[in-house]
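S.K.: Dropping the structure in here first, questions after.
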Amino acid sequence: MKRFWTTAALLLTSTLPALAADTPKAIVEGMKMPESVCIGPKGLLYITEIGEPGKDGDGKVSVIENGKAKTFAEGLDDPKGIVLFKDALYTTDKNKIVKIDANGKTSVYQAADKFPVKPIFLNDICVDQGGGIFLVSDSGADGKGGAVFRIDVRLDKIDQVASADNISGLTKPNGVAFDGGSAFIVADMARGQLWRVRFSDKVAEMIAEGMEGADGLVWDYWGRLFITSWTQGKIWAMPRPDQKPILIGEGLKTAADCCLDASQKKLLIPDMKAGTLTELSTTIPGWEVDTTEVAGVELAPAFPGIKWASWDDGSESGKGEAFRGILLTHFGDGSGRIVVGEQRGTIHIVDPKDPSKSTVFMNIRDRVRYLDKQNEEGFLGLAFHPKFKENGEFFVFYTDVKSDMANVLSRFKTKPGNKNEGDPASEEVLIRFEKPFWNHDGGTIAFGKDGYLYITHGDGGNGGDPKENGQKLSTLLGKILRIDVNKKEGGKNYAIPSDNPFAKKEDASPEIYAYGIRNIWRMAFDRQTGELWAGEVGQNIFEEIFIVKSGGNYGWNLREAMHPHSQKGVGVKAELAEPIWEYHHDIGKSITGGTVYRGSAVPSLAGHYLYADYVSNMFRALKYDEKAGRVVANRELPKPPLAVMSFGEDESGEVYILGSSTNGQSVFKVSKSK
């Protein structure tokens with residue numbers, strides 16, 4: 001399985017893969033030199049038309065309605081790139097940037113004299129919608145003056161971030177695109193190369209070559225980069241940053257700047273010389289991903305009308321609280337009973353024979369800190385010992401109410417002679433995590449097939465990992481740990497497995513199994529393969545999914561998903577393990593990691609990793625092909641009836657989603673539609 005990359009693996013030879021490239025289909029005709037397209041106000045398409053070459057005032061922006069181009073704004077000199085920011089369009093126009101309001105009225109947004117170096121021929125433009133940062137390329141003239149400028153809307157400041165000074169030989173920069181929050185990519189049209197540049201120090205590295213006339217650049221929501229060639233009329237796609245561009249389209253006269261349609265399934269490309277707007281499928285040969293909706297699946301209440309023991313729903317006190325189902329598991333004792341953990345510290349048992357009520361297995365609310373305004377804390381993890389039926393041991397991860405900033409991993413036992421009730425007095429603390437901030441607690445704990453207990457804790461909180469804990473092997477924060485709870489060694493209430501990757505490394509915590517973690521929410525073992533899957537919550541732009549490997553460095557805070565992050569942000573490195581999948585914050589902002597479905601009730605989901613997004617309520621089934629080393633399906637599932645906080649499995653492998661509810665209906669079962 002290939003997950004560790006080398007920079008050399010990115011660089012292209014002069015021969016690029018060419019697998020069944022399609023010819024883009026014309027969808028709008030009759031335009032005069034169309035150059036760039038974007039989705040603008042009201043979801044309509046807006047396209048720049050250069051008009052008569054060299055004739056000032058002949059350029060315009062058209063809007064596409066009913067398959068026809070209609071003039072929206074006119075009197076421009078040489079409009080090239082176009083982008084939507086908030087409620088207005090922005091286009092490059094020779095040596096200035098023009099703003100176009102919702103009524104088509106134009107005004108100069110940035111005049112030539114506002115730039116630190118007077119631009120010659122402004123070309124592409126893109127914007128960080130959240131941060132208010134524009135990138136603009138200046139293609140120069142006669143091989144001189146090529147540059148990229150960064151415009152900070154908040155500070156009304158323009159900096160030059162690329163030129164021949166930091167990209168040797170750069171003469172004609174064209175397409176630009178952000179690569180995470182700390183770097184960008186620029187297409188060198190003259191040499192057919194792509195370069196990544198870090199904002200903090202302007203260090204540049206070439207990431208691909210061999211694309212003569214490279215022009216437009218655009219990412220989709222799943223981390224795939226598309227590149228057009230103006231001179232060759234071709235279109236390439238990079239399915240991942242570790243892969244060479246693959247030819248997906250050809251046959252245009254001039255493939256100019258591009259964008260994606262609202263579905264992300266079509267690439268829209270103006271053909272300047274043909275006067276058309278064309279569309280091309282975003283399917284990448286050899287990297288096809290099934291995105292169809294999974295039919296015949298529903299989310300049914302797992303315990304209709306249940307009465308949760310000791311839960312105050314407000315019917316009597318008038319001061320009810322939401323029931324926050326944070327985890328679901330089972331005893332593993334053959335009884336089929338389901339265990340539900342509530343975030344405030346109560347563990348419930350639900351017997352499938354009578355799912356109308358629960359009994360309390362253990363209540364430790366008196367030692368758990370939970371506040372709605374700090375809802376990443378609380379009772380966060382529960383795992384029953386593989387031999388629970390014999391020894392009555394179970395393990396809990398929670399936030400300590402007695403401390404301002406601490407999480408605790410503890411061992412508990414059941415009461416003597418009673419496997420149906422945990423004993424709060426039996427607590428034995430195994431690990432105490434002191435943290436600098438309240439958030440990013442992680443908290444998932446689970447036993448692997450090897451019998452060891454795996455624990456994850458976030459980077460310590462705040463934003464951006466200010467303590468850089470993710471990359472520090474001396475701290476347990478920002479890590480996945482692996483311990484042996486069946487032994488006690490070295491003065492600890494557990495032992496270190498001898499094959500832990502850093503067990504013998506000086507100045508490293510021997511408990512560490514994997515690192516470079518921001519805040520895994522949540523992780524689970526595939527009960528068939530034993531692989532550990534994790535959903536990693538992102539910082540600014542991307543959420544990610546990865547399969548955990550021993551010793552893996554998952555990049556935080558040098559990387560966010562597959563993109564550079566922070567002032568030290570990096571591209572592909574051999575020593576970093578990349579996720580198998582990512583998605584953009586335009587479609588979700590907080591992944592809830594799930595589990596690989598191995599139940600029998602819904603055969604169509606077999607082997608799919610189920611995950612959701614807490615903010616957007618996206619719910620999907622992802623399939624990873626181990627042999628091919630790539631994702632082959634990312635399919636839609638029914639929209640959940642509540643924000644998904646967690647997933648769980650019962651003893652037979654059926655999957656449940658959990659969330660917060662004021663009526664107690666916080667658990668839903670993934671079922672086959674009736």
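Going by the structure tokens order, chains are called A, B, ..., each with residues numbered from 1, while ligands are numbered from 1 in the order shown.
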Please provide as a list of chain:residue names all residues within 9 Å of Pro497 in chain A, with the sequence filter that same-chain residues fewer than 4 positions apart are discarded (counting only C-alpha atoms).
M.R.: A:Tyr452, A:Arg482, A:Ile483, A:Asp484, A:Ala503, A:Pro510, A:Glu511
S.K.: From a DSSP calculation on the backbone, collect every residue of range 344-419 of chain A in alpha helix (DSSP H) and output the set as a list in words.
M.R.: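 Selection result, alpha helix (DSSP H) within range 344-419 of chain A: Phe388, Lys389, Glu390 and Asn391 of chain A.
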S.K.: Would you mind listing what lies within 8 Å of Leu194 in chain A as number ranges by chain, with only C-alpha atoms counted and same-chain residues fewer than 6 positions away left out?
M.R.: A: 185-188, 206-209
S.K.: Find the residues around Asn166 in chain A up to 12 Å (only C-alpha atoms counted), leave out those fewer than 3 positions away in its own chain, and share them as a VMD selection string.
M.R.: chain A and resid 146 to 148 160 to 163 169 to 171 195 to 199 201 to 206
S.K.: Near Val667 in chain A, within 10 Å and counting only C-alpha atoms, which residues show up once chain neighbours fewer than 5 positions away are dropped, as a PyMOL selection string?
M.R.: chain A and resi 299-304+324-328+340+642+644+646-648+656-661
S.K.: Considering only C-alpha atoms, return as a PyMOL selection string whatever protein or nucleic-acid residues lie within 8 Å of Val602 in chain A, sequence-local ones (same chain, fewer than 2 positions apart) excluded.
M.R.: chain A and resi 297+599-600+604-606+670-672
S.K.: To one decimal place in Å, what is the distance between CA of Asp56 in chain A and CA of Tyr109 in chain A?
M.R.: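 Atom-to-atom, CA of Asp56 in chain A and CA of Tyr109 in chain A are spaced 18.2 Å apart.
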S.K.: Val339 in chain A: which residues within 9 Å, counting only C-alpha atoms, same-chain residues fewer than 5 positions away excluded, as a list in words?
M.R.: Leu327, Leu328, Thr329, His330, Phe331, Ile347, His348, Ile349, Val350, Asp351, Phe361 and Asp650 of chain A
S.K.: Using N, CA and C atoms, can you write the selected residues to a file as a JSON list (two decimals), in the first residue's frame?
M.R.:
```json
[["chain", "number", "residue", "atom", "x", "y", "z"],
["A", 327, "LEU", "N", -21.06, 7.83, 22.39],
["A", 327, "LEU", "CA", -20.47, 6.58, 21.89],
["A", 327, "LEU", "C", -21.45, 5.43, 22.08],
["A", 328, "LEU", "N", -21.28, 4.41, 21.26],
["A", 328, "LEU", "CA", -22.08, 3.19, 21.37],
["A", 328, "LEU", "C", -21.16, 2.01, 21.14],
["A", 329, "THR", "N", -21.26, 1.03, 22.01],
["A", 329, "THR", "CA", -20.43, -0.17, 21.90],
["A", 329, "THR", "C", -21.17, -1.35, 22.53],
["A", 330, "HIS", "N", -20.44, -2.39, 22.88],
["A", 330, "HIS", "CA", -21.06, -3.58, 23.46],
["A", 330, "HIS", "C", -20.06, -4.25, 24.39],
["A", 331, "PHE", "N", -20.54, -5.20, 25.16],
["A", 331, "PHE", "CA", -19.68, -5.87, 26.14],
["A", 331, "PHE", "C", -18.77, -6.93, 25.51],
["A", 347, "ILE", "N", -23.12, 5.90, 31.77],
["A", 347, "ILE", "CA", -23.04, 4.78, 30.83],
["A", 347, "ILE", "C", -24.31, 3.95, 30.96],
["A", 348, "HIS", "N", -25.01, 3.79, 29.83],
["A", 348, "HIS", "CA", -26.30, 3.09, 29.82],
["A", 348, "HIS", "C", -26.18, 1.72, 29.15],
["A", 349, "ILE", "N", -27.01, 0.80, 29.61],
["A", 349, "ILE", "CA", -27.16, -0.50, 28.95],
["A", 349, "ILE", "C", -28.56, -0.56, 28.35],
["A", 350, "VAL", "N", -28.64, -0.97, 27.08],
["A", 350, "VAL", "CA", -29.93, -1.19, 26.43],
["A", 350, "VAL", "C", -29.98, -2.65, 25.99],
["A", 351, "ASP", "N", -30.98, -3.36, 26.47],
["A", 351, "ASP", "CA", -31.15, -4.76, 26.10],
["A", 351, "ASP", "C", -32.07, -4.82, 24.88],
["A", 361, "PHE", "N", -25.22, 1.46, 33.79],
["A", 361, "PHE", "CA", -24.08, 0.59, 34.07],
["A", 361, "PHE", "C", -23.13, 1.26, 35.05],
["A", 650, "ASP", "N", -22.79, -2.51, 17.16],
["A", 650, "ASP", "CA", -23.23, -3.49, 18.15],
["A", 650, "ASP", "C", -22.43, -4.78, 17.96]]
```
